[in-house]
Structure formats: structure tokens, C-alpha cells
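This report concerns only the one structure given below.
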Amino acid sequence: MLQIPSAEVLIQGIMNGVLMGCLYALIAAGLSLIFGLMEIVNFAHGEFLMLGMYTAFWMYTLFGLDPLLSVPICAAALFLLGWLTHKGIIRRILGGPMLAQIFATFGLGIFLRAAAQFLWTPDFRQIAHPLVQGPVKLFGISIGLAQLVASGASLAAFAVLYWFITRTEAGAALEATAQDRQAAALMGINTERMFTLGWGISSACVGIAGAFLASFFYVFPYVGSLFALIAYVTVALGGFGSILGSLVAGIMIGVIEVMAGLLIAPAFKYVAVFLIYLIVVLIRPQGLFGKF
Amino acid sequence: MASPAVPFDEPRPRRIGERILFVLLLLAIVAYPLVFPLPYYRDLGIKILLYALLAQAWNILAGYCGQISLGHAVFFGVGAYTSSVLQLSAGWSPWVGLAAGMLVAAVFSVLIGYPCFRLRGHYFAIATIAVGEIVHTLAINWEFIGGARGLTLPIQPDSLAAFQFYKSKYIYYYIILALAALCFLITWHLERSRLGYYLRGIREDPVAAQSVGIPITRYKLIAMALSAAFVAAGGSFYAQYLLYIDPDSVFPLALSIMICLLVVVGGVGTLWGPLVGAALMIPLSEFTRIQFGGTGSAVDLLIYGGLLTIVAVFQPAGLVGLFRRLRRE
């Protein structure tokens, strides 16, 4: 069953896996941030990504704005969406039953997906002439320029996020709230504002990822589902709440996905990803870098 | 920590009015296909009962035991495929196949559950999505069971033994009614049994349950196996009713979601919640399908998603919970 590809193909594959992995990491970081902050999994995270992609797509179609230039708009729009989600839904289910916590965002995801399909049809759309496209040759391997830009930008966004959380006052307040809600509140931190901020940042992450993704990936209502599944796996693998864990796990998953596709069969690439996730989580339920 | 979704459901002596209501409801359900003999309404009734069965089965695990599975379609598919493959390759009767499917699903659920029950809450839910996607993909690529083309069951002479009826299709209705009734009966019994108390104990506080000597993993596995077996029975029935199955119709994530939705709307962890949910949501889904033309415009999903969120946020105990609260006030 195993097919051994040539070394060149293998290196090419690993490179592509790493590039895609950086994007997975950014998507997962947002999910992880919220979980670390308030122990809630956003089951609509993939749909937020989808909306980020559609924002980029419509900016291009209506105003001729390239996805690379609409990144700030996508980030702002999604920040607002995250903010509203917390204010409208999440705030009400904090401390509620587990079931409500899961199904509130799960329902939101279904709703947003259906809304996208209702408004914009299930058609696969594509940005016809993105600013960056086509392959570039790097050390003999050819790489999609759009993918390269996307992963570079993801890493940059990741670095900014990391810097924000570890080096700024607001980041410290965020971290404090994540560690102990009550103690943070007693220290004068407005935890409600921190939660809102967390949701905003988390959603902005997928807004950025969505904009870059839109320049080389199809945009359709269900596009979020696949990325969301990968994001859950990434976060669980890296350890819920560990932002750095997401980065390592994201890249791991990108590479595993490509390798499984090359070595076994393309149809099984996600099976391999989910299997590895199950195995890791069973051996180490807190994930690779989780504290628990 | 989290407050219980539903006030602890103590079995209590029923009032006479309730008994009469119950008997009337039962009569209405039994008489339904005779009152509405048209194929469309019969099919609707069969769908409601099938989904009520699946929902109640899910409720045993998620509602009573608190383990939220988002991959229950796996067991539906296992049931559908087990009976179909046994019939096609070994010539087994669909009835034996149905029983075999329940058994296979129960064993399979224990194999999945044993490792996955080390995970809690959100983690468990995500793991079940992953399992669901793995099984779905494997089924599409497994040629022995027909791959993505699916399986077509042969048409046989009209008889109970063959599980095929053409002259009087309402027999399908009574078969699914019997299966659903069995599942409800077991759940009713569960509410009053020691097992039921154990399961609710595990739901409310797993640590406390363990500390008073309840082997929690074992009881979670029992709930899982029971739940999986009944979902599988629904799957076998579905295969016999349509005589055609493929991975996308019996393993989809959408089916897993639909099952959860019915219970959440009806009332999680209550005996009647799954029936209320199915009786309300299945006709609603049919209605939107007729009004807005299939799932192409996604109006049905728009409603489901919105409803799911609204119920989870404002009325996590579902309609049954709402009804109880109104009556108490």
C-alpha cells in the first residue's frame, strides 16, 4: 500500500505541509486563546473563517481590492463579529451547563453556514486574479507564491499575537483572567472586557487567515468545516490554551496531512490527521504542551 | 461548577389526568397511519418515529450520562451496513441483520468509548467528531461495502420475513413504532433503575460519583453501548425501508447534528424530550423543504442553527423543561 515517492517530491511535500501548517496554526491560535481564557470551544470557528474569506472575496469582487490589501478590513470585520458573539451569546452561557456551551456555538456555526449559502449560493468562488499567484522556485522546489505569502503573514500575525499576550499590559490582563477569573477581577481587571477582547482577537485571527486563504483557495459556505476540524485537532494536539502549542501542532498537522496523502492515498490524508490526534490525545489528554 | 440542565428528574406517581393523556397519545400514534393513509403522511410518520428512536438513543448517553457525542451517525451507518452486507454476501435475513447490527455497533462503541472516555466535555465531543469523520472517509473508500457507490438491496417478495412490504407499506410504520417504543420503554425503566441514578450521578459530578464507588468508565460504556445499539437498529431499519444506502446518507456529520438538535429542542435528559423534538422538528423540516425547495437554499439549516443557539442560550432544558417550569409556577 505504501508508495515511496522520490526525495524531490518528498521535500516538496514537506515544504507545502509546513506552509499550510502555518495557516492552520493561526486559525488554531484563535480557538486556543478563547479556550485558555474561558474554557469554551467555539464550534463556529470554521464559519468565522468562512466569513473572513467571503469578506475578502466581496472586497475583491465589488471594489477590486486584492485580498492582501483587504486584510485589515477582514480582521476588523471579524473582530466585530467575535465581539458581538461574546456580547450576544457567550456571556449568557458562561457557567451554564456543558451542553448549552457546546450547542450555542455549534448552532451559530450551522446558522452562519446556512446564511452564507442562502445569501451567496453554494457556488465555489475564486478570486480570479490575485496579486500574488503562480509558483516560485526556491532551492529547486517550486512553491505557490500565494501560499508562501500566506504562511509568512500567518507567522507574522502569530508573532504579533504572542508579543501582545506576553509583553503588553492588556496581554498580561488577558493571561491573568485566563489563570484565575476571580483573582483577576479582585486585582481590578475588568474580566468581562477581557473576554470580549479575547473573542475579538480570536476572530480577527481567522479574519486574517481567511483573507490570505482566499487568494489561493475556493470560497464556499462549507469551506470552514474542514478547517475547523483541523483547528480543533490542532488545538487539542498542541494543548488547549497553549498558543505556542498551536504553532508546533499546526505545522505537524500540515506535514502529516501531506505525507499521508503522498505515502498512502490522498483520500486518507485527513484520516491520518484525525488518527494521530486520537492517539496523541489518548496518551496525553492535555495535548503536547497543555498544562491541565 | 455547571448547574444541571434539567432539575433532577425524580420519578413520581402520575396523576390520573396524565395517565389518560398518555393513553390518548398512544392511541393517536397507533391509529395515525389509518387516519392518514396517504403515502406522504405515512412517510412523515415513519421519519418522526425513526428520528425519535435515534434521538432517544442519543439521549441515553448525552442526556442521562452527560457525554455529548457529535458522531452518532457512525452507529447509524454501522447498523445500516451490517444488515445490508450480511444480507448481500451471506443471505442473512434482515431481522437477524438488524440484531447483528445492534451487536456490532455496541461492540464498536465500546472500542471507541474505552479510549475516548478518558476525555471530558469538549474534548470528548471533538474526539467523536474525529471518529465520525474517520469512519465516513473509510466507508467511502472501502470497496467491499460498495465504496462511494453504496449498496442496493435486492427487491424480494412482500413478506415479514424479508422485511419488505409493497401492498401495505404501513407495516414499516408499525415496525419502527415497535423499535422506538422499546427504546422509550428502556429509557423509562432506566429513569427508575439504579443504572439511571448512576448515569445521572456521573453527569452531575463525575468526581463525586467516582468517590462514592461508581466505576464511571464502566457505566459510561454501558450507556454508550445501549445508545449505539438503538441507533444501529434505526440504521438497519432505514436500509430496509429505502433499500439503498451509501456513506453520505448514513454516515454524515449532518445526521449526527440532527439527532442532537431534536433532543436539545425537545429537552435533554427527559423521557419525552426526544419525541417532542422529533414530532416538532421533522414536520418543520419537511415544511421548509416544500416551501423553499430542498436544502439548496439552506433555509432549513438556517432555522435549525438559529433554533439550536436560541434554545441552548435561553432554554437549555428544552421544551419539556419549559413546560415543567410553567406548570410549577
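Every chain in the C-alpha cells takes a letter, A first, then B, and so on in the order presented; its residues are numbered from 1, and the ligands are numbered from 1 following the presented order.
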
What are the closest atom pairs, with distances in Å to one decimal, for each residue of chain A lying within 9 Å of chain B, using only C-alpha atoms, rows by chain and rising residue number, as a Markdown table?
```
| residue | atom | partner | partner_atom | distance |
| --- | --- | --- | --- | --- |
| A:Glu39 | CA | B:His122 | CA | 8.9 |
| A:Ile40 | CA | B:His122 | CA | 8.0 |
| A:Val41 | CA | B:His122 | CA | 6.9 |
| A:Ile89 | CA | B:Val313 | CA | 6.7 |
| A:Ile90 | CA | B:Val313 | CA | 8.3 |
| A:Arg92 | CA | B:Val313 | CA | 6.5 |
| A:Ile93 | CA | B:Val313 | CA | 6.0 |
| A:Leu94 | CA | B:Ala2 | CA | 9.0 |
| A:Gly95 | CA | B:Ala2 | CA | 5.5 |
| A:Gly96 | CA | B:Ala2 | CA | 5.4 |
| A:Pro97 | CA | B:Ala2 | CA | 4.9 |
| A:Met98 | CA | B:Ala2 | CA | 6.9 |
| A:Leu99 | CA | B:Ile68 | CA | 7.4 |
| A:Ala100 | CA | B:Ala312 | CA | 4.5 |
| A:Gln101 | CA | B:Ala312 | CA | 7.5 |
| A:Ile102 | CA | B:His122 | CA | 7.2 |
| A:Phe103 | CA | B:Ala312 | CA | 6.0 |
| A:Ala104 | CA | B:Thr309 | CA | 4.2 |
| A:Thr105 | CA | B:Thr309 | CA | 6.7 |
| A:Phe106 | CA | B:Thr309 | CA | 7.4 |
| A:Gly107 | CA | B:Gly305 | CA | 4.1 |
| A:Leu108 | CA | B:Gly305 | CA | 5.8 |
| A:Gly109 | CA | B:Gly305 | CA | 7.1 |
| A:Ile110 | CA | B:Gly305 | CA | 4.8 |
| A:Phe111 | CA | B:Gly305 | CA | 4.3 |
| A:Leu112 | CA | B:Leu302 | CA | 7.6 |
| A:Arg113 | CA | B:Leu302 | CA | 8.0 |
| A:Ala114 | CA | B:Leu302 | CA | 5.0 |
| A:Ala115 | CA | B:Leu302 | CA | 6.2 |
| A:Ala116 | CA | B:Ala298 | CA | 8.9 |
| A:Gln117 | CA | B:Ala298 | CA | 6.3 |
| A:Phe118 | CA | B:Ser297 | CA | 4.9 |
| A:Leu119 | CA | B:Ser297 | CA | 8.3 |
| A:Thr121 | CA | B:Ser297 | CA | 7.0 |
| A:Pro122 | CA | B:Gly296 | CA | 7.6 |
| A:Leu229 | CA | B:Ala130 | CA | 7.7 |
| A:Tyr232 | CA | B:Ile126 | CA | 7.0 |
| A:Val233 | CA | B:Ile126 | CA | 7.9 |
| A:Ala236 | CA | B:Tyr123 | CA | 7.6 |
| A:Ala267 | CA | B:Thr137 | CA | 7.5 |
| A:Phe268 | CA | B:Thr137 | CA | 7.3 |
| A:Tyr270 | CA | B:Ile134 | CA | 7.7 |
| A:Val271 | CA | B:Ile134 | CA | 5.1 |
| A:Ala272 | CA | B:Ile134 | CA | 8.5 |
| A:Phe274 | CA | B:Ala130 | CA | 5.7 |
| A:Leu275 | CA | B:Ile134 | CA | 7.7 |
| A:Tyr277 | CA | B:Ala130 | CA | 8.5 |
| A:Leu278 | CA | B:Ala127 | CA | 6.9 |
| A:Val281 | CA | B:Leu119 | CA | 8.2 |
| A:Leu282 | CA | B:Pro115 | CA | 6.4 |
| A:Pro285 | CA | B:Leu119 | CA | 6.6 |
```

**Request:** Looking only at helix (DSSP H, G or I) from DSSP on the backbone, list the matching residues of stretch 75-266 of chain A as a ChimeraX atom specification.
**Result:** /A:75-93,98-120,145-167,169-179,181-186,191-214,223-238,243-263,266

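Shell of B:Leu111 at 10 Å, with only C-alpha atoms counted and residues fewer than 6 places along the chain excluded, is Ala105, Leu221 and Ala225 of chain B.
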
**Message:** When you look at stretch 170-183 of chain A with a cut-off of 8 Å (counting only C-alpha atoms), what residues show up, excluding the ones that are within fewer than 6 positions of it in the same chain? I need them as a list in words.
**Reply:**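 Contacts, with the query itself left out: Gly36, Leu37, Met38, Phe164, Ile189, Thr191, Met194, Phe195 and Gly198 of chain A.
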
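Excluding A:Ala150 itself and same-chain residues fewer than 4 positions from it, the residues having an atom within 8 Å of it are Leu19, Leu23, Ala146, Ser154, Ala209, Phe212 and Leu213 of chain A, counting only C-alpha atoms.
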
Could the residues in this selection be written to a file with N, CA and C atoms, as an mmCIF file, in the first residue's frame?
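Okay, out.cif is ready:
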```cif
data_model
loop_
_atom_site.group_PDB
_atom_site.id
_atom_site.type_symbol
_atom_site.label_atom_id
_atom_site.label_comp_id
_atom_site.auth_asym_id
_atom_site.auth_seq_id
_atom_site.Cartn_x
_atom_site.Cartn_y
_atom_site.Cartn_z
ATOM 1 N N LEU A 19 4.058 25.058 5.010
ATOM 2 C CA LEU A 19 3.403 26.318 4.656
ATOM 3 C C LEU A 19 1.940 26.308 5.088
ATOM 4 N N LEU A 23 -0.646 28.330 8.430
ATOM 5 C CA LEU A 23 -2.003 28.873 8.355
ATOM 6 C C LEU A 23 -2.914 28.161 9.361
ATOM 7 N N ALA A 146 1.371 32.444 -3.416
ATOM 8 C CA ALA A 146 0.286 32.833 -2.513
ATOM 9 C C ALA A 146 0.406 32.088 -1.186
ATOM 10 N N SER A 154 0.988 34.582 8.264
ATOM 11 C CA SER A 154 0.469 33.882 9.439
ATOM 12 C C SER A 154 1.497 33.905 10.558
ATOM 13 N N ALA A 209 -6.417 35.049 8.564
ATOM 14 C CA ALA A 209 -6.161 33.774 7.879
ATOM 15 C C ALA A 209 -7.085 33.639 6.673
ATOM 16 N N PHE A 212 -5.960 35.710 3.586
ATOM 17 C CA PHE A 212 -4.842 35.120 2.845
ATOM 18 C C PHE A 212 -5.250 33.835 2.148
ATOM 19 N N LEU A 213 -6.089 33.065 2.819
ATOM 20 C CA LEU A 213 -6.550 31.800 2.248
ATOM 21 C C LEU A 213 -7.334 32.052 0.972
#
```

**Spatial neighbours of A:Val255, 8 Å, only C-alpha atoms, chain gap at least 4 places, as a list of chain:residue names** = A:Gly13, A:Ile14, A:Met15, A:Asn16, A:Gly17, A:Val18, A:Gly21, A:Ile251, A:Met259

Just write the chosen residues, C-alpha atoms, as a CSV table (one decimal), in the first residue's frame.
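Written output follows (again-v6.csv):
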```csv
chain,number,residue,atom,x,y,z
A,13,GLY,CA,5.6,17.8,0.1
A,14,ILE,CA,7.1,18.6,3.4
A,15,MET,CA,7.6,22.2,2.3
A,16,ASN,CA,3.9,22.5,1.3
A,17,GLY,CA,2.9,20.9,4.6
A,18,VAL,CA,4.9,23.4,6.6
A,21,GLY,CA,0.6,24.3,8.7
A,251,ILE,CA,2.9,22.6,11.4
A,259,MET,CA,2.8,12.8,4.0
```

Extract, using only C-alpha atoms, all DNA, RNA and protein residues at most 10 Å from B:Gln240, discarding same-chain residues fewer than 3 positions from it, and format them as an mmCIF file with N, CA and C atoms, in the first residue's frame.
```cif
data_model
loop_
_atom_site.group_PDB
_atom_site.id
_atom_site.type_symbol
_atom_site.label_atom_id
_atom_site.label_comp_id
_atom_site.auth_asym_id
_atom_site.auth_seq_id
_atom_site.Cartn_x
_atom_site.Cartn_y
_atom_site.Cartn_z
ATOM 1 N N ALA B 80 -26.838 0.114 9.466
ATOM 2 C CA ALA B 80 -27.326 0.016 8.088
ATOM 3 C C ALA B 80 -26.435 -0.904 7.274
ATOM 4 N N SER B 83 -26.465 -4.957 8.473
ATOM 5 C CA SER B 83 -27.577 -5.784 7.996
ATOM 6 C C SER B 83 -27.535 -5.931 6.477
ATOM 7 N N SER B 84 -27.158 -4.857 5.773
ATOM 8 C CA SER B 84 -27.137 -4.923 4.314
ATOM 9 C C SER B 84 -26.054 -5.849 3.802
ATOM 10 N N PRO B 94 -32.840 -9.900 7.062
ATOM 11 C CA PRO B 94 -32.630 -8.550 7.586
ATOM 12 C C PRO B 94 -32.911 -8.458 9.082
ATOM 13 N N TRP B 95 -33.777 -9.322 9.573
ATOM 14 C CA TRP B 95 -34.093 -9.284 11.008
ATOM 15 C C TRP B 95 -32.898 -9.713 11.832
ATOM 16 N N LEU B 98 -30.441 -6.982 11.589
ATOM 17 C CA LEU B 98 -30.729 -5.863 12.494
ATOM 18 C C LEU B 98 -30.156 -6.138 13.881
ATOM 19 N N LEU B 153 -30.088 -3.000 -2.110
ATOM 20 C CA LEU B 153 -30.596 -4.285 -1.635
ATOM 21 C C LEU B 153 -31.582 -4.842 -2.655
ATOM 22 N N ALA B 162 -38.911 -11.178 4.894
ATOM 23 C CA ALA B 162 -37.961 -10.468 4.034
ATOM 24 C C ALA B 162 -37.837 -8.992 4.424
ATOM 25 N N PHE B 163 -38.685 -8.515 5.338
ATOM 26 C CA PHE B 163 -38.655 -7.118 5.782
ATOM 27 C C PHE B 163 -38.956 -6.189 4.604
ATOM 28 N N GLN B 164 -39.833 -6.656 3.693
ATOM 29 C CA GLN B 164 -40.194 -5.791 2.567
ATOM 30 C C GLN B 164 -41.699 -5.859 2.350
ATOM 31 N N PHE B 165 -42.292 -4.683 2.204
ATOM 32 C CA PHE B 165 -43.745 -4.609 2.084
ATOM 33 C C PHE B 165 -44.109 -3.631 0.981
ATOM 34 N N TYR B 172 -44.230 -0.884 7.739
ATOM 35 C CA TYR B 172 -42.973 -0.211 8.111
ATOM 36 C C TYR B 172 -43.200 0.709 9.309
ATOM 37 N N GLY B 234 -32.005 1.648 14.218
ATOM 38 C CA GLY B 234 -32.578 2.648 13.324
ATOM 39 C C GLY B 234 -31.925 2.596 11.948
ATOM 40 N N GLY B 235 -30.598 2.407 11.947
ATOM 41 C CA GLY B 235 -29.865 2.330 10.680
ATOM 42 C C GLY B 235 -30.296 1.143 9.840
ATOM 43 N N SER B 236 -30.435 -0.027 10.475
ATOM 44 C CA SER B 236 -30.872 -1.223 9.746
ATOM 45 C C SER B 236 -32.268 -1.012 9.178
ATOM 46 N N PHE B 237 -33.122 -0.424 9.981
ATOM 47 C CA PHE B 237 -34.482 -0.142 9.519
ATOM 48 C C PHE B 237 -34.449 0.767 8.294
ATOM 49 N N LEU B 243 -33.968 0.538 0.871
ATOM 50 C CA LEU B 243 -33.280 -0.474 0.059
ATOM 51 C C LEU B 243 -32.062 0.075 -0.671
ATOM 52 N N TYR B 244 -31.586 1.224 -0.262
ATOM 53 C CA TYR B 244 -30.337 1.738 -0.822
ATOM 54 C C TYR B 244 -29.631 2.577 0.233
ATOM 55 N N ILE B 245 -28.351 2.313 0.429
ATOM 56 C CA ILE B 245 -27.577 3.151 1.357
ATOM 57 C C ILE B 245 -26.246 3.508 0.720
#
```

**Prompt:** When you draw a straight line from atom CA of B:Leu255 to atom CA of B:Ala73, how long is it in Å?
**Reply:**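 These atoms are spaced 5.8 Å apart.
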
**Request:** Report the residues of stretch 117-167 of chain A whose backbone DSSP state falls under strand (DSSP E or B), written as a list in words.
**Result:** Arg125, Pro135, Val136, Lys137, Leu138, Ile141, Ser142, Ile143 and Gly144 of chain A

With stretch 68-74 of chain A as the partner and 9 Å as the cut-off, tabulate the residues of stretch 100-164 of chain A that qualify, each row holding the nearest pair of atoms and their distance in Å to one decimal, using only C-alpha atoms, sorted by chain and rising number, as a Markdown table.
```
| residue | atom | partner | partner_atom | distance |
| --- | --- | --- | --- | --- |
| A:Pro130 | CA | A:Leu68 | CA | 8.5 |
| A:Leu131 | CA | A:Leu68 | CA | 7.5 |
| A:Val132 | CA | A:Leu68 | CA | 8.5 |
```

Since we have the selection now, will you write its residues out, keeping N, CA and C atoms, as a PDB file, in the first residue's frame?
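Written out: part_21.pdb:
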```
ATOM      1  N   PRO A 130      -5.583  37.217  -8.288  1.00  0.00           N
ATOM      2  CA  PRO A 130      -4.987  37.760  -7.070  1.00  0.00           C
ATOM      3  C   PRO A 130      -3.624  38.378  -7.366  1.00  0.00           C
ATOM      4  N   LEU A 131      -3.236  39.293  -6.508  1.00  0.00           N
ATOM      5  CA  LEU A 131      -1.957  39.989  -6.674  1.00  0.00           C
ATOM      6  C   LEU A 131      -0.798  38.991  -6.715  1.00  0.00           C
ATOM      7  N   VAL A 132      -0.827  38.045  -5.790  1.00  0.00           N
ATOM      8  CA  VAL A 132       0.233  37.038  -5.783  1.00  0.00           C
ATOM      9  C   VAL A 132      -0.350  35.724  -6.276  1.00  0.00           C
TER      10      VAL A 132
END
```

**Message:** So the first atom is atom CA of A:Val219 and the second is atom CA of A:Cys205; what is the distance between them in Å, to one decimal place?
**Reply:**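 Calculated distance between atom CA of A:Val219 and atom CA of A:Cys205 is 17.6 Å.
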
**Item:** Residue among B:Ile259, B:Leu199, B:Tyr170, B:Ile46 lying closest to B:His72, counting only C-alpha atoms
**Value:**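 Smallest distance to B:His72 is found for B:Ile259.
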